[in-house]
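Only one structure is covered here, and it is reproduced in the block below.
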Amino acid sequence: MTTSTAPAASTVPTTPVRTPRAWRALLPALFVAPASMGVSGPSLALPDAARELGVSAGSAAWLMTAFGVGMAVGTPLLSATAGRRGPGGTVRASGALLVLGAALVLAAGSLPLAVAGRAVEAVGAAGVTVAAFQLAGRDGTGRTSGIVAIGSALGGTLGLFAGAAVARAAGWQAALVLPLLSLLVLLPVLRLTGRATPRTGVATPGAAPGVVRPLDILRAPGFLAAAGLMLALSTVNFALLYAAPHRFSALTGWSPVRTGAVAALAALTGALLSWLLIRLAPRLGTRRTRTLLAAASATALLLAALAPWPVAVLLGSGLSALATAGGQGVLTGAATRGLGEERQGLGIGLFNLAFLTGVAAGPALAAAVAA
């Protein structure tokens with residue numbers, strides 16, 4: 001799972017930052033990986049949360065849905081912060097929100113307070129993602145952005161196992177605050193940002209700045225088709241992220257920790273294999289690639305939801321991860337192709353909003369079906 005965001009404005013470092021090149025590439029990835037764990041970490045801890053909070057399993061699913069909603073809301077908000085204050089301001093704001101959200105979760109004795117804490121925590125996680133990709137974009141080659149995307153995907157998949165493990169060791173609330181681990185590298189990341197000031201455009205006398213509206217993006221050829229497919233892929237993927245491990249555990253009788261380990265391995269394998277699909281996409285063409293993505297996601301849903309064999313459930317999870325990660329790589333370009341430089345940022349933001357809507361909707365829909 002990856003959630004890439006485009007910074008609202010570029011920044012110009014005013015103070016040189018003496019950091020080894022390899023560390024400059026790895027730090028943003030290490031920063032974003034724990035934030036991504038917040039999406040999947042609670043999945044196998046939800047039964048314990050429901051029991052202690054005195055609510056149904058379906059109601060406890062809001063602890064996952066709230067994170068997707070918070071990221072969807074937080075991404076544009078923290079992107080605006082990045083534009084005004086640079087990545088350093090975004091890093092500081094994100095760290096404060098992570099701490100505040102985690103404090104609410106750890107103090108929660110009721111579901112509404114825990115859900116509110118998760119939402120605040122997710123806004124902080126969105127800021128971490130925005131800052132990480134903004135820092136990655138400074139190298140101008142795209143390689144660091146790729147490393148950050150891998151870090152995000154690793155965090156999202158390994159969160160299943162990490163959440164189950166920490167819930168067993170320290171209780172269900174610990175599984176809900178895994179994004180706090182991003183704070184371990186917050187100070188080095190702050191040093192990496194240096195002192196940055198937003199780069200503001202200087203208007204040419206007599207020239208009116210162009211105004212890009214969301215409706216302009218939605219009317220662009222191919223955008224709605226690409227974003228709609230991404231929404232579908234994401235919704236299925238995060239519904240399975242919630243439901244598939246529970247079904248696998250029911251079929252095998254395995255513990256949450258063992259289930260989390262194999263579920264994370266299946267999802268990680270699928271995400272890593274997605275690069276094959278991305279490489280094949282130009283040969284297949286747009287229509288065949290989209291048909292393949294939709295078919296893979298539908299097959300994954302059927303396997304994970306209906307197959308009576310545990311291995312088929314894992315296969316469904318891995319296939320969904322492959323389709324979603326591959327879809328992000330292929331459909332982002334399809335959605336923004338032909339938009340023009342002045343509309344690229346908003347186009348990527350709206351496309352990511354479709355992805356994040358699926359992050360929020362998937363667990364809620366899965367819980368509603370299971371109820």
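In the structure tokens, each chain is lettered A, B, ... as it comes, each chain's residues begin at 1, and ligands are numbered from 1 in order of appearance.
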Skipping near chain neighbours, those fewer than 5 positions away, what residues fall within 12 Å of range 221-229 of chain A using only C-alpha atoms, listed as a short mmCIF file (atom, residue, chain, number, x, y, z; two decimals) with C-alpha atoms, in the first residue's frame?
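For reference, part37.cif as written:
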```cif
data_model
loop_
_atom_site.label_atom_id
_atom_site.label_comp_id
_atom_site.auth_asym_id
_atom_site.auth_seq_id
_atom_site.Cartn_x
_atom_site.Cartn_y
_atom_site.Cartn_z
CA PRO A 214 -11.30 20.53 -9.37
CA LEU A 215 -14.05 20.45 -12.00
CA ASP A 216 -11.43 21.11 -14.68
CA SER A 234 -8.64 0.36 -2.98
CA THR A 235 -12.06 -0.38 -1.47
CA VAL A 236 -11.70 -4.11 -2.17
CA THR A 286 -4.65 0.95 -21.44
CA ARG A 287 -7.82 -1.09 -22.01
CA THR A 289 -4.37 -3.27 -18.33
CA ARG A 290 -7.52 -1.85 -16.74
CA THR A 291 -9.45 -5.02 -17.56
CA LEU A 292 -6.69 -7.10 -15.96
CA LEU A 293 -6.69 -4.93 -12.83
CA ALA A 294 -10.46 -5.15 -12.44
CA ALA A 295 -10.47 -8.91 -13.04
CA SER A 297 -9.45 -7.46 -7.86
CA ALA A 298 -12.77 -9.26 -8.45
CA ALA A 323 -3.78 -5.17 -8.18
CA THR A 324 -3.88 -2.17 -5.84
CA GLY A 326 0.01 -2.03 -9.62
CA GLY A 327 -3.04 0.16 -10.09
CA GLN A 328 -1.40 3.02 -8.21
CA GLY A 329 1.64 2.78 -10.43
CA VAL A 330 -0.29 2.53 -13.70
CA LEU A 331 -3.41 4.59 -13.08
CA THR A 332 -1.70 7.66 -11.59
CA GLY A 333 -0.06 8.31 -14.94
CA ALA A 334 -3.27 7.56 -16.83
CA ALA A 335 -5.28 9.94 -14.64
CA THR A 336 -2.88 12.87 -14.99
CA ARG A 337 -1.73 12.37 -18.58
CA GLY A 338 -2.47 15.45 -20.63
CA LEU A 339 -3.41 17.67 -17.67
CA GLN A 344 -0.66 18.04 -12.31
CA LEU A 346 -4.29 19.01 -8.12
CA GLY A 347 -4.84 16.03 -10.39
CA ILE A 348 -2.57 13.80 -8.30
CA GLY A 349 -4.24 15.08 -5.14
CA LEU A 350 -7.73 14.21 -6.41
CA PHE A 351 -6.54 10.80 -7.62
CA ASN A 352 -5.05 10.10 -4.19
CA LEU A 353 -8.34 11.18 -2.63
CA ALA A 354 -10.05 8.38 -4.58
CA PHE A 355 -7.50 5.92 -3.18
CA LEU A 356 -7.94 7.20 0.37
CA THR A 357 -11.71 7.04 0.08
CA GLY A 358 -11.29 3.32 -0.50
#
```
- Query: Contacts of range 71-79 of chain A at 10 Å or less, counting only C-alpha atoms, minus same-chain residues fewer than 3 places along, as a ChimeraX atom specification?
  - Reply: /A:3-9,39,66-68,82-87,89-91,93-94,119-131,134,346,349-350,352-360
- Contacts of Val262 in chain A within 12 Å, only C-alpha atoms, excl. fewer than 3 positions in-chain, as a PyMOL selection string: chain A and resi 157-162+164+244-245+248-249+252+254-259+265-269+310-311+313-315+317-318
- Message: My list of candidates is A:Ala263, A:Pro188, A:Leu63, A:Leu240. Which is closest to Leu303 in chain A when distances are computed with only C-alpha atoms?
- Response: A:Leu240
- Return as an MDAnalysis selection string the full set of residues in range 105-269 of chain A whose backbone-based DSSP assignment is helix (DSSP H, G or I). chainID A and resid 105:107 111:139 143:170 172:175 178:193 214:218 223:252 256:269
- Message: Just checking: using only C-alpha atoms, which residue out of A:Gln173, A:Ser43, A:Thr299, A:Ser274 ends up closest to Ala239 in chain A?
- Response: A:Ser43
